[in-house]
$ cat protein.txt   # compact mmCIF, C-alpha atoms
# COMPACT_ATOMS: atom_id res chain seq x y z
CA MET F 1 87.16 96.95 88.32
CA SER F 2 88.12 99.67 85.83
CA GLN F 3 91.27 99.40 83.74
CA LEU F 4 92.83 102.31 85.64
CA THR F 5 92.11 100.63 88.96
CA GLU F 6 93.52 97.33 87.70
CA LYS F 7 96.72 99.08 86.67
CA ALA F 8 96.94 100.95 89.97
CA VAL F 9 96.47 97.70 91.91
CA ARG F 10 99.30 96.17 89.89
CA VAL F 11 101.55 99.18 90.58
CA PHE F 12 100.82 98.82 94.29
CA ALA F 13 101.75 95.11 94.08
CA CYS F 14 104.97 95.98 92.24
CA CYS F 15 105.82 98.26 95.16
CA GLY F 16 104.99 95.69 97.84
CA LYS F 17 101.75 97.37 98.85
CA ALA F 18 98.34 95.86 99.44
CA PRO F 19 95.64 96.71 96.89
CA LYS F 20 93.32 98.06 99.59
CA GLY F 21 95.16 101.39 99.43
CA VAL F 22 93.97 101.98 95.86
CA ASP F 23 90.41 102.42 97.18
CA TYR F 24 91.39 105.74 98.76
CA LEU F 25 93.05 107.34 95.74
CA ASP F 26 91.14 110.15 94.08
CA SER F 27 90.71 110.10 90.30
CA ASP F 28 93.80 112.23 89.66
CA GLU F 29 95.97 110.06 91.91
CA LEU F 30 94.54 106.92 90.32
CA ALA F 31 95.55 108.09 86.85
CA ARG F 32 99.01 109.10 88.03
CA VAL F 33 99.56 105.72 89.70
CA ALA F 34 98.27 103.77 86.71
CA ALA F 35 100.70 105.64 84.48
CA LEU F 36 103.59 104.05 86.40
CA LEU F 37 102.90 100.66 84.82
CA ASN F 38 104.62 99.41 81.70
CA ASP F 39 102.92 97.28 79.08
CA ASP F 40 104.71 94.22 80.47
CA GLY F 41 102.88 94.63 83.78
CA LEU F 42 105.94 95.88 85.64
CA LEU F 43 106.99 99.34 86.78
CA VAL F 44 108.33 102.02 84.49
CA GLU F 45 111.82 103.20 85.35
CA GLY F 46 111.72 105.17 88.58
CA GLY F 47 108.16 103.99 89.21
CA ALA F 48 108.74 102.91 92.79
CA GLU F 49 110.15 106.28 93.79
CA SER F 50 107.35 108.12 91.96
CA LEU F 51 104.75 106.10 93.87
CA ARG F 52 106.53 106.78 97.15
CA LEU F 53 106.44 110.52 96.55
CA LEU F 54 102.82 110.39 95.46
CA LEU F 55 101.81 108.43 98.55
CA ILE F 56 103.57 110.91 100.83
CA GLU F 57 101.28 113.61 99.42
CA HIS F 58 98.31 111.27 99.58
CA TYR F 59 98.75 110.36 103.24
CA GLU F 60 99.38 113.98 104.20
CA ARG F 61 96.05 114.82 102.59
CA ARG F 62 94.36 111.90 104.36
CA LYS F 63 95.83 112.90 107.71
CA ALA F 64 94.59 116.45 107.20
CA THR F 65 91.12 115.09 106.41
CA VAL F 66 91.17 112.96 109.55
CA ALA F 67 92.26 115.99 111.58
CA GLU F 68 89.30 117.95 110.18
CA LEU F 69 86.92 115.16 111.08
CA GLU F 70 88.30 114.90 114.58
CA PRO F 71 88.36 118.42 116.04
CA PRO F 72 90.87 118.90 118.84
CA ILE F 73 89.49 117.99 122.22
CA VAL F 74 89.40 120.96 124.57
CA GLY F 75 88.38 121.39 128.16
CA THR F 76 88.87 117.78 129.10
CA GLY F 77 90.37 118.53 132.50
CA VAL F 78 88.48 119.01 135.75
CA ASP F 79 86.79 122.39 135.98
CA HIS F 80 88.72 124.42 138.49
CA PRO F 81 86.87 127.09 140.48
CA PHE F 82 87.98 130.59 139.65
CA VAL F 83 90.56 131.75 142.12
CA GLU F 84 91.22 135.43 142.41
CA SER F 85 94.83 136.30 142.48
CA GLU F 86 96.33 137.82 145.53
CA VAL F 87 97.35 140.84 143.49
CA ASP F 88 93.71 141.75 142.89
CA ASP F 89 93.06 141.82 146.61
CA GLU F 90 95.84 144.19 147.28
CA PRO F 91 95.14 147.88 147.36
CA THR F 92 95.89 149.56 144.10
CA SER F 93 96.79 152.94 145.44
CA ILE F 94 97.90 154.77 148.56
CA GLU F 95 94.40 156.18 148.86
CA ASP F 96 92.94 152.69 149.00
CA GLU F 97 95.34 151.82 151.78
CA GLU F 98 94.24 154.79 153.81
CA GLU F 99 90.58 153.78 153.50
CA MET K 1 80.92 75.58 135.37
CA GLY K 2 83.26 78.32 134.27
CA LYS K 3 83.27 80.19 131.02
CA GLN K 4 84.99 78.74 128.00
CA TYR K 5 85.88 80.35 124.69
CA THR K 6 87.03 79.51 121.19
CA LEU K 7 88.22 81.53 118.22
CA GLY K 8 85.63 83.78 116.63
CA CYS K 9 87.22 85.83 113.88
CA LEU K 10 89.59 88.61 112.99
CA SER K 11 88.20 92.03 112.05
CA LEU K 12 90.08 94.61 110.02
CA PHE K 13 88.74 98.15 109.74
CA ASP K 14 89.37 100.11 106.56
CA GLY K 15 90.13 103.81 106.21
CA SER K 16 86.42 104.64 106.46
CA GLY K 17 86.07 102.62 109.66
CA ASP K 18 84.11 99.81 107.98
CA PRO K 19 85.04 96.34 109.25
CA THR K 20 85.67 93.15 107.32
CA HIS K 21 85.44 90.01 109.41
CA ILE K 22 87.82 87.24 108.40
CA SER K 23 88.00 83.66 109.59
CA GLY K 24 91.21 82.39 111.11
CA SER K 25 92.60 78.92 111.75
CA SER K 26 94.41 80.05 114.88
CA ILE K 27 95.25 83.29 116.63
CA SER K 28 97.63 83.79 119.50
CA ILE K 29 98.12 87.03 121.43
CA ASP K 30 101.35 87.12 123.36
CA SER K 31 101.75 89.84 125.96
CA GLY K 32 105.49 90.31 125.53
CA ILE K 33 105.65 91.33 129.18
CA GLU K 34 109.14 91.50 130.61
CA VAL K 35 109.71 91.54 134.35
CA SER K 36 113.05 92.22 135.99
CA GLY K 37 114.42 92.19 139.49
CA ASN K 38 117.02 94.33 141.21
CA ASP K 39 120.03 92.00 141.09
CA SER K 40 120.45 92.35 144.82
CA GLY K 41 122.44 89.16 145.25
CA SER K 42 119.95 87.90 147.82
CA PHE K 43 118.75 84.31 147.88
CA TYR K 44 115.22 85.29 146.92
CA GLU K 45 114.36 88.09 144.54
CA GLU K 46 113.24 91.14 146.51
CA PHE K 47 111.93 93.46 143.86
CA GLN K 48 110.02 92.87 140.65
CA SER K 49 109.00 95.46 138.09
CA VAL K 50 107.27 95.24 134.74
CA ILE K 51 109.63 96.93 132.34
CA ARG K 52 107.88 96.13 129.10
CA PHE K 53 104.43 95.29 127.74
CA ASP K 54 104.67 94.52 124.07
CA PRO K 55 101.74 92.51 122.66
CA THR K 56 102.03 90.66 119.37
CA VAL K 57 99.24 88.87 117.56
CA ASN K 58 100.08 85.80 115.47
CA VAL K 59 97.40 84.89 112.94
CA THR K 60 97.09 81.79 110.78
CA SER K 61 94.33 81.80 108.20
CA LYS K 62 93.21 80.16 105.00
CA CYS K 63 91.73 83.45 103.77
CA VAL K 64 94.81 84.10 101.67
CA ARG K 65 93.23 86.33 99.04
CA GLU K 66 91.35 88.49 101.55
CA LEU K 67 94.31 89.01 103.86
CA LEU K 68 96.70 89.77 101.01
CA SER K 69 94.28 92.48 99.87
CA TRP K 70 94.90 94.21 103.22
CA VAL K 71 98.56 93.46 103.89
CA GLY K 72 101.19 93.78 101.18
CA LEU K 73 104.67 92.35 100.96
CA ASN K 74 106.13 95.39 102.74
CA GLY K 75 103.68 95.20 105.66
CA GLN K 76 100.85 97.52 106.59
CA CYS K 77 100.60 100.12 109.32
CA VAL K 78 97.53 100.08 111.53
CA GLY K 79 96.22 103.32 112.96
CA THR K 80 94.33 106.51 112.26
CA GLY K 81 94.98 107.76 108.75
CA PHE K 82 96.21 104.40 107.44
CA ASP K 83 94.46 101.89 105.18
CA ILE K 84 93.79 99.71 108.23
CA THR K 85 92.58 101.83 111.12
CA LYS K 86 92.27 99.09 113.72
CA MET K 87 92.17 95.33 114.22
CA ASP K 88 89.94 93.24 116.46
CA VAL K 89 90.26 89.66 117.58
CA ILE K 90 86.90 88.20 118.53
CA THR K 91 86.81 85.22 120.86
CA ARG K 92 83.54 83.33 120.87
CA ARG K 93 82.16 82.10 124.13
CA ILE K 94 81.21 78.44 124.04
CA ALA K 95 77.70 77.64 125.11
CA ASP K 96 77.37 74.93 127.70
CA CYS K 97 74.33 73.27 129.20
CA GLN K 98 74.67 74.97 132.55
CA ASN K 99 75.20 78.53 131.34
CA PRO K 100 72.97 79.54 128.45
CA LEU K 101 74.40 82.43 126.47
CA ASP K 102 72.93 85.86 126.56
CA GLY K 103 73.08 88.26 123.60
CA THR K 104 76.62 89.53 123.79
CA PRO K 105 78.79 87.06 125.66
CA HIS K 106 81.88 87.21 123.51
CA ILE K 107 85.24 88.94 123.97
CA ARG K 108 86.88 91.53 121.75
CA ASP K 109 90.57 92.41 121.88
CA ARG K 110 91.16 95.64 120.01
CA PHE K 111 94.43 96.99 118.60
CA GLU K 112 94.38 100.57 117.35
CA ASN K 113 98.04 101.01 116.44
CA GLY K 114 100.73 98.73 115.11
CA LEU K 115 102.32 97.03 112.14
CA LEU K 116 100.91 94.03 110.28
CA THR K 117 103.48 91.91 108.45
CA LEU K 118 103.31 88.68 106.49
CA GLY K 119 105.02 85.61 107.95
CA SER K 120 104.72 82.74 105.51
CA LEU K 121 102.46 81.31 102.85
CA GLY K 122 102.48 77.61 102.11
CA VAL K 123 100.44 74.87 100.54
CA ASP K 124 100.59 71.09 100.29
CA ARG K 125 99.47 69.15 97.26
CA GLN K 126 96.20 68.03 98.85
CA GLY K 127 95.72 70.63 101.52
CA ASP K 128 94.59 74.23 101.74
CA ALA K 129 96.96 77.16 101.45
CA SER K 130 97.68 78.81 104.76
CA LEU K 131 98.98 82.30 105.46
CA THR K 132 100.55 83.53 108.67
CA MET K 133 100.93 87.14 109.68
CA VAL K 134 101.93 89.11 112.76
CA LEU K 135 100.64 92.30 114.32
CA ASP K 136 103.19 94.16 116.43
CA ALA K 137 100.94 96.35 118.54
CA ILE K 138 102.20 99.71 119.76
CA THR K 139 100.83 102.47 121.94
CA ASP K 140 99.17 105.64 120.65
CA GLY K 141 101.42 107.52 123.02
CA SER K 142 99.52 107.02 126.23
CA ASN K 143 97.08 104.11 126.08
CA SER K 144 97.71 100.39 126.29
CA PRO K 145 98.27 98.75 122.88
CA ILE K 146 95.42 96.32 123.61
CA ALA K 147 91.92 96.98 124.91
CA ARG K 148 89.66 94.10 125.94
CA THR K 149 85.87 94.31 125.98
CA ASP K 150 83.95 91.43 127.55
CA GLY K 151 80.41 91.36 126.20
CA VAL K 152 80.23 91.87 122.47
CA ALA K 153 78.11 90.25 119.78
CA LEU K 154 79.61 87.98 117.13
CA PRO K 155 80.14 89.96 113.94
CA THR K 156 78.66 88.82 110.63
CA PRO K 157 79.26 88.01 107.84
CA VAL K 158 82.65 86.36 108.20
CA VAL K 159 84.78 85.88 105.09
CA ALA K 160 85.94 82.26 104.69
CA GLN K 161 88.13 81.19 101.77
CA ARG K 162 90.13 78.10 100.81
CA PHE K 163 92.77 77.71 98.13
CA ALA K 164 94.41 74.64 96.62
CA MET K 165 97.80 74.33 94.97
CA GLY K 166 97.79 75.20 91.30
CA LEU K 167 100.35 74.32 88.66
CA PRO K 168 103.56 76.28 89.29
CA ALA K 169 106.38 77.22 86.94
CA PHE K 170 109.95 77.97 87.97
CA GLY K 171 112.45 79.47 85.58
CA GLY K 172 110.09 78.87 82.68
CA VAL K 173 109.56 75.16 83.46
CA THR K 174 106.27 73.83 84.82
CA PHE K 175 106.47 71.56 87.86
CA PRO K 176 103.31 69.41 87.87
CA ASP K 177 104.82 67.08 90.46
CA THR K 178 105.33 69.66 93.16
CA GLU K 179 104.66 68.15 96.57
CA ASN K 180 104.52 71.40 98.49
CA TRP K 181 105.91 74.89 98.53
CA SER K 182 106.49 77.43 101.25
CA LEU K 183 107.14 81.13 100.87
CA GLU K 184 108.85 82.78 103.82
CA PHE K 185 108.46 86.54 103.53
CA GLY K 186 111.58 87.20 105.61
CA LEU K 187 110.79 90.64 107.01
CA THR K 188 113.04 92.12 109.65
CA LYS K 189 111.75 94.91 111.82
CA THR K 190 113.23 97.59 114.00
CA GLU K 191 114.01 96.57 117.54
CA LYS K 192 111.07 97.31 119.76
CA SER K 193 111.64 99.24 122.94
CA PRO K 194 109.31 101.12 125.26
CA GLY K 195 108.93 104.87 125.01
CA LEU K 196 110.55 106.91 127.79
CA GLY K 197 108.45 106.81 130.95
CA SER K 198 106.34 104.00 129.49
CA ILE K 199 106.28 100.23 129.35
CA TYR K 200 104.57 100.26 125.92
CA THR K 201 106.45 99.99 122.64
CA ASP K 202 105.95 103.26 120.80
CA SER K 203 107.48 102.60 117.40
CA ILE K 204 107.91 99.80 114.86
CA GLY K 205 109.04 99.71 111.25
CA VAL K 206 110.17 97.30 108.54
CA LEU K 207 113.92 97.19 107.98
CA THR K 208 114.32 94.63 105.20
CA VAL K 209 112.27 92.23 103.11
CA ARG K 210 114.12 89.05 102.04
CA PRO K 211 111.65 86.43 100.81
CA THR K 212 112.64 82.85 100.02
CA LEU K 213 110.56 80.20 98.33
CA THR K 214 111.20 76.52 99.01
CA ILE K 215 109.75 73.94 96.61
CA ARG K 216 109.66 70.20 97.31
CA ASN K 217 109.28 68.27 94.12
CA ARG K 218 108.63 64.59 93.31
CA ASP K 219 109.98 64.63 89.77
CA ILE K 220 113.69 64.72 90.47
CA SER K 221 114.45 64.76 86.72
CA LYS K 222 113.35 68.40 86.72
CA LEU K 223 116.65 69.15 88.34
CA THR K 224 118.71 68.81 85.21
CA ASN K 225 122.42 68.33 84.77
CA ALA K 226 122.49 71.75 83.12
CA LEU K 227 121.12 73.34 86.29
CA LEU K 228 123.55 71.39 88.44
CA GLU K 229 126.46 72.51 86.28
CA ALA K 230 125.27 76.09 86.33
CA VAL K 231 124.49 75.81 90.09
CA ALA K 232 121.79 78.46 89.74
CA SER K 233 119.22 79.78 87.32
CA SER K 234 117.48 83.10 87.01
CA ALA K 235 113.86 83.43 88.07
CA THR K 236 111.90 86.41 86.78
CA HIS K 237 108.36 87.68 87.06
CA LEU K 238 107.85 86.51 83.49
CA ASN K 239 109.02 82.89 83.94
CA THR K 240 108.27 82.02 87.57
CA LYS K 241 104.75 81.75 88.87
CA LEU K 242 102.89 80.16 91.76
CA GLN K 243 99.15 79.68 91.58
CA LEU K 244 96.43 79.11 94.12
CA ILE K 245 93.06 77.83 92.95
CA ALA K 246 90.01 79.06 94.84
CA ARG K 247 87.90 76.20 96.16
CA LYS K 248 84.15 76.50 95.81
CA ASN K 249 81.55 75.74 98.42
CA ALA K 250 79.34 72.79 97.46
CA ALA K 251 81.54 72.11 94.44
CA ALA K 252 85.25 71.66 93.73
CA TYR K 253 86.82 74.81 92.32
CA GLU K 254 85.67 78.21 91.22
CA ASP K 255 85.59 78.55 87.45
CA PHE K 256 89.18 78.73 86.22
CA GLY K 257 88.25 81.69 84.01
CA ASP K 258 86.89 83.78 86.88
CA PRO K 259 89.30 86.33 88.34
CA VAL K 260 89.08 84.92 91.87
CA HIS K 261 92.27 82.89 91.98
CA VAL K 262 95.69 84.00 93.18
CA GLY K 263 98.80 84.31 91.02
CA ILE K 264 102.21 85.01 92.53
CA THR K 265 105.29 85.81 90.47
CA ILE K 266 108.82 85.84 91.84
CA ALA K 267 112.13 87.27 90.73
CA GLY K 268 115.42 86.01 92.11
CA LEU K 269 117.89 83.16 91.98
CA LEU K 270 116.76 79.55 91.65
CA THR K 271 119.10 77.04 93.27
CA PRO K 272 118.92 73.34 94.09
CA GLN K 273 119.00 72.94 97.86
CA ASN K 274 118.43 69.23 98.26
CA ILE K 275 119.46 67.35 95.12
CA LEU K 276 118.00 64.02 96.17
CA ASN K 277 116.14 62.70 99.16
CA ALA K 278 115.55 58.99 98.63
CA ALA K 279 114.74 55.99 100.77
CA SER K 280 113.91 52.44 99.84
CA ASN K 281 110.27 51.90 98.91
CA GLN K 282 109.43 55.54 99.38
CA ARG K 283 108.87 58.31 96.91
CA SER K 284 111.99 60.38 96.28
CA THR K 285 111.94 64.15 96.31
CA ASN K 286 114.29 67.05 95.86
CA GLU K 287 114.16 70.66 96.98
CA LEU K 288 114.66 73.88 95.08
CA ARG K 289 114.92 77.34 96.52
CA ILE K 290 114.37 80.79 95.11
CA SER K 291 116.09 83.59 96.96
CA ALA K 292 113.95 86.50 95.82
CA SER K 293 115.30 89.89 94.86
CA THR K 294 114.23 93.07 93.15
CA ASP K 295 114.96 93.77 89.50
CA VAL K 296 116.50 96.74 87.72
CA SER K 297 113.17 98.59 87.64
CA GLY K 298 112.75 98.26 91.39
CA ASN K 299 109.80 95.88 91.26
CA ALA K 300 109.06 94.04 94.49
CA PRO K 301 110.57 90.53 94.54
CA ILE K 302 107.13 88.96 95.02
CA LEU K 303 104.11 90.19 93.09
CA PHE K 304 100.59 89.15 94.07
CA ASP K 305 97.76 89.10 91.56
CA LEU K 306 94.62 88.65 93.63
CA ASN K 307 92.25 88.85 90.67
CA SER K 308 93.90 86.18 88.61
CA THR K 309 92.34 83.58 86.38
CA TYR K 310 93.82 80.08 86.70
CA ASP K 311 96.42 79.44 84.03
CA THR K 312 96.75 75.77 83.06
CA THR K 313 99.93 76.51 81.09
CA PRO K 314 102.03 78.84 83.22
CA PRO K 315 104.05 80.97 83.20
$ encode --input "protein.txt" --output "C-alpha cells"
Amino acid sequence: MSQLTEKAVRVFACCGKAPKGVDYLDSDELARVAALLNDDGLLVEGGAESLRLLLIEHYERRKATVAELEPPIVGTGVDHPFVESEVDDEPTSIEDEEE
Amino acid sequence: MGKQYTLGCLSLFDGSGDPTHISGSSISIDSGIEVSGNDSGSFYEEFQSVIRFDPTVNVTSKCVRELLSWVGLNGQCVGTGFDITKMDVITRRIADCQNPLDGTPHIRDRFENGLLTLGSLGVDRQGDASLTMVLDAITDGSNSPIARTDGVALPTPVVAQRFAMGLPAFGGVTFPDTENWSLEFGLTKTEKSPGLGSIYTDSIGVLTVRPTLTIRNRDISKLTNALLEAVASSATHLNTKLQLIARKNAAAYEDFGDPVHVGITIAGLLTPQNILNAASNQRSTNELRISASTDVSGNAPILFDLNSTYDTTPP
C-alpha cells in the first residue's frame, strides 16, 4: 500500500467511512484526500467537510460512468401493430369525396 | 427425505462487480412483513392485506477486519454506483444419504439496494471477536428488495478470520486484566415506510451515530479514587486504544509486526458504570464506559486501523 493510499484510508476512517472506497479514487482524488491528514494521524481543520465535497464530485462521476456503461433500455414493451389513424382514412378534399 | 440447508457465506460485490465471499457465524433474514385487517368489529377478521414488506438481514461474523474494510462507522449504501453494489446470502444445502447433491443445489438470496450498518463488536478474554451488522434492504423503485435463486454453486474462496483480544488502553492507562469489552455502534436510522403504491421500503438513511464502549475489568484498583472524585475522564484517539490480534491457522497468532491486526481508537468520556461487582469466592469485576464523541477537528468518534501492527505497549 502506497503512502498516499495509507493516508487516504486513514482520512476515510476519520470520516467514518470504510477503506474500500479508496480503491475507486483516481490519482488526483487520492492526493487531495491524503492532503486532509495531519501529521498526528487525524484530520486537518475542515477535513471532514472537504472530504464530503470531494466525494460528492466523485460519486457524481462514478454515477455518470455507470450510466455510460448501462445504456438506457428502449423498446422493452410489446410491439404494437401499426394502426392507421382514422384521419388518414378520411377524404382529404371535396374532390375525393365526390369520387 | 426433504431438503435441508445450513449457512454458506455472505458475498459482497465491489464497485467493479467483483465478489468477496465472507464466512459468517449466523445470518438471519427477517421479512418485516406487516399484515393488517379492516377493523370491522366482527368476531373474526374479514379482510387481510399485506401493507409492508421490509426485509432486514442480521449478520454475525468473526471476519472483523474484512467486514470493517467494507462497512465504515457511518454505514455503507448498497446499490449501483456505490462501493458495495450488491450483497448475497448463500445457504448451503446439506447432503443426506437419500438425496445426493447435484452441481448447484444451494440457495442465493440477493439484495441489490439497501444500507449496511454496524451493530456491535465485542470480544471476551479467551474467545474470538465477533461483529454484528444489519442490512436494511430497499426496493430499486419497482422490484422486490430480495431475489431468491434456488440452484447455485457454492462460491470459493471464502474469507475466514479470527481475532483475539489484545492489550487495551483507556485514558492513557493499560488494562491487562480486561475480562471483555463490547462496542455498541449506536446508529439510528430514518423510519422506514413503503413508497406510495408499493409495499416495499424505498428509502433509508443514517440519522445519528452514538457509539458506546463497555469494558469489564478484573483489576478493580484501576478505578482510582482520583477517577471516582472526578467522576469522568477524557478519552482521546491518542490515549485510548483497543486491539484485536489476528489468529493464525496452524499456529497461534500472526506475527505481531505484520500489519494484519486491528487497532481501534476512541474519543469521548470515560466513566465508571459499575464500581464493584463482588461475591464471596468469586472474582470481582468493575465496569467502565466510554461514551464516544467527535473532537474539535470533526474526527469520527471511533477510528479503525485495519492494517495495524500489534502494540504491546499501547496507546
$ residues_around --input "protein.txt" --residues "stretch 48-63 of chain F" --least-positions-apart "4" --cutoff "7 Å" --atoms "all atoms listed in the file" --output "PyMOL selection string"
(chain F and resi 15+33+67) or (chain K and resi 81+298)
$ interface_residues --input "protein.txt" --of "chain K" --to "chain F" --cutoff "8 Å" --atoms "all atoms listed in the file" --output "JSON, numbers by chain"
{"K": [15, 68, 69, 70, 71, 72, 73, 74, 75, 76, 80, 81, 82, 83, 297, 298, 299, 300, 302, 303, 304, 305]}
$ residues_around --input "protein.txt" --residues "K:Ala267" --least-positions-apart "5" --cutoff "10 Å" --atoms "only C-alpha atoms" --output "ChimeraX atom specification"
/K:170-171,234-241,290-295,299-303
$ write_last_selection --input "protein.txt" --atoms "C-alpha atoms" --output "short mmCIF file (atom, residue, chain, number, x, y, z; two decimals), in the frame of the given file"
data_model
loop_
_atom_site.label_atom_id
_atom_site.label_comp_id
_atom_site.auth_asym_id
_atom_site.auth_seq_id
_atom_site.Cartn_x
_atom_site.Cartn_y
_atom_site.Cartn_z
CA PHE K 170 109.95 77.97 87.97
CA GLY K 171 112.45 79.47 85.58
CA SER K 234 117.48 83.10 87.01
CA ALA K 235 113.86 83.43 88.07
CA THR K 236 111.90 86.41 86.78
CA HIS K 237 108.36 87.68 87.06
CA LEU K 238 107.85 86.51 83.49
CA ASN K 239 109.02 82.89 83.94
CA THR K 240 108.27 82.02 87.57
CA LYS K 241 104.75 81.75 88.87
CA ILE K 290 114.37 80.79 95.11
CA SER K 291 116.09 83.59 96.96
CA ALA K 292 113.95 86.50 95.82
CA SER K 293 115.30 89.89 94.86
CA THR K 294 114.23 93.07 93.15
CA ASP K 295 114.96 93.77 89.50
CA ASN K 299 109.80 95.88 91.26
CA ALA K 300 109.06 94.04 94.49
CA PRO K 301 110.57 90.53 94.54
CA ILE K 302 107.13 88.96 95.02
CA LEU K 303 104.11 90.19 93.09
#
$ atom_distance --input "protein.txt" --atom1 "atom CA of K:Phe53" --atom2 "atom CA of K:Ser26"
22.3 Å
$ atom_distance --input "protein.txt" --atom1 "atom CA of K:Ile33" --atom2 "atom CA of K:Ile199"
8.9 Å
$ atom_distance --input "protein.txt" --atom1 "atom CA of K:Gly268" --atom2 "atom CA of K:Ala230"
15.1 Å
$ residues_around --input "protein.txt" --residues "K:Ala160" --least-positions-apart "2" --cutoff "9 Å" --atoms "only C-alpha atoms" --output "list in words"
Ile22, Ser23, Gly24, Lys62, Cys63, Glu66, Val158 and Arg162 of chain K
$ residues_around --input "protein.txt" --residues "K:Leu116" --least-positions-apart "2" --cutoff "9 Å" --atoms "all atoms listed in the file" --output "list in words"
Val71, Gly75, Gln76, Cys77, Val78, Gly114, Leu118, Met133, Val134, Leu135, Asp136 and Ala137 of chain K
$ residues_near_point --input "protein.txt" --point "(107.0, 63.4, 94.0)" --cutoff "6 Å" --atoms "all atoms listed in the file" --output "list of chain:residue names"
K:Asp177, K:Glu179, K:Asn217, K:Arg218, K:Asp219, K:Thr285
$ residues_around --input "protein.txt" --residues "stretch 6-9 of chain K" --least-positions-apart "4" --cutoff "7 Å" --atoms "only C-alpha atoms" --output "number ranges by chain"
K: 21-24, 89-94
$ write_last_selection --input "protein.txt" --atoms "C-alpha atoms" --output "JSON list (two decimals), keeping the file's coordinate frame"
[["chain", "number", "residue", "atom", "x", "y", "z"],
["K", 21, "HIS", "CA", 85.44, 90.01, 109.41],
["K", 22, "ILE", "CA", 87.82, 87.24, 108.40],
["K", 23, "SER", "CA", 88.00, 83.66, 109.59],
["K", 24, "GLY", "CA", 91.21, 82.39, 111.11],
["K", 89, "VAL", "CA", 90.26, 89.66, 117.58],
["K", 90, "ILE", "CA", 86.90, 88.20, 118.53],
["K", 91, "THR", "CA", 86.81, 85.22, 120.86],
["K", 92, "ARG", "CA", 83.54, 83.33, 120.87],
["K", 93, "ARG", "CA", 82.16, 82.10, 124.13],
["K", 94, "ILE", "CA", 81.21, 78.44, 124.04]]
$ build_atoms --input "protein.txt" --residues "stretch 155-160 of chain K" --atoms "all heavy atoms" --output "PDB file, in the coordinates of the input"
ATOM      1  N   PRO K 155      80.373  89.223 115.177  1.00  0.00           N
ATOM      2  CA  PRO K 155      80.140  89.960 113.940  1.00  0.00           C
ATOM      3  C   PRO K 155      79.754  89.025 112.792  1.00  0.00           C
ATOM      4  O   PRO K 155      80.119  87.851 112.787  1.00  0.00           O
ATOM      5  CB  PRO K 155      81.488  90.623 113.657  1.00  0.00           C
ATOM      6  CG  PRO K 155      82.490  89.832 114.397  1.00  0.00           C
ATOM      7  CD  PRO K 155      81.787  89.143 115.525  1.00  0.00           C
ATOM      8  N   THR K 156      79.011  89.548 111.848  1.00  0.00           N
ATOM      9  CA  THR K 156      78.660  88.820 110.630  1.00  0.00           C
ATOM     10  C   THR K 156      78.648  89.806 109.468  1.00  0.00           C
ATOM     11  O   THR K 156      78.423  90.992 109.700  1.00  0.00           O
ATOM     12  CB  THR K 156      77.258  88.189 110.721  1.00  0.00           C
ATOM     13  OG1 THR K 156      76.319  89.209 111.049  1.00  0.00           O
ATOM     14  CG2 THR K 156      77.204  87.081 111.739  1.00  0.00           C
ATOM     15  N   PRO K 157      78.849  89.365 108.231  1.00  0.00           N
ATOM     16  CA  PRO K 157      79.260  88.010 107.840  1.00  0.00           C
ATOM     17  C   PRO K 157      80.769  87.866 107.994  1.00  0.00           C
ATOM     18  O   PRO K 157      81.486  88.860 108.029  1.00  0.00           O
ATOM     19  CB  PRO K 157      78.855  87.959 106.361  1.00  0.00           C
ATOM     20  CG  PRO K 157      79.016  89.380 105.897  1.00  0.00           C
ATOM     21  CD  PRO K 157      78.641  90.243 107.063  1.00  0.00           C
ATOM     22  N   VAL K 158      81.224  86.633 108.064  1.00  0.00           N
ATOM     23  CA  VAL K 158      82.650  86.360 108.200  1.00  0.00           C
ATOM     24  C   VAL K 158      83.158  85.752 106.888  1.00  0.00           C
ATOM     25  O   VAL K 158      82.594  84.776 106.392  1.00  0.00           O
ATOM     26  CB  VAL K 158      82.918  85.397 109.367  1.00  0.00           C
ATOM     27  CG1 VAL K 158      84.396  85.046 109.441  1.00  0.00           C
ATOM     28  CG2 VAL K 158      82.463  86.009 110.684  1.00  0.00           C
ATOM     29  N   VAL K 159      84.204  86.363 106.343  1.00  0.00           N
ATOM     30  CA  VAL K 159      84.780  85.880 105.090  1.00  0.00           C
ATOM     31  C   VAL K 159      85.525  84.571 105.356  1.00  0.00           C
ATOM     32  O   VAL K 159      86.334  84.489 106.280  1.00  0.00           O
ATOM     33  CB  VAL K 159      85.784  86.900 104.507  1.00  0.00           C
ATOM     34  CG1 VAL K 159      86.463  86.351 103.260  1.00  0.00           C
ATOM     35  CG2 VAL K 159      85.090  88.211 104.215  1.00  0.00           C
ATOM     36  N   ALA K 160      85.230  83.537 104.573  1.00  0.00           N
ATOM     37  CA  ALA K 160      85.940  82.260 104.690  1.00  0.00           C
ATOM     38  C   ALA K 160      86.356  81.822 103.286  1.00  0.00           C
ATOM     39  O   ALA K 160      85.503  81.739 102.397  1.00  0.00           O
ATOM     40  CB  ALA K 160      85.053  81.218 105.340  1.00  0.00           C
TER      41      ALA K 160
END
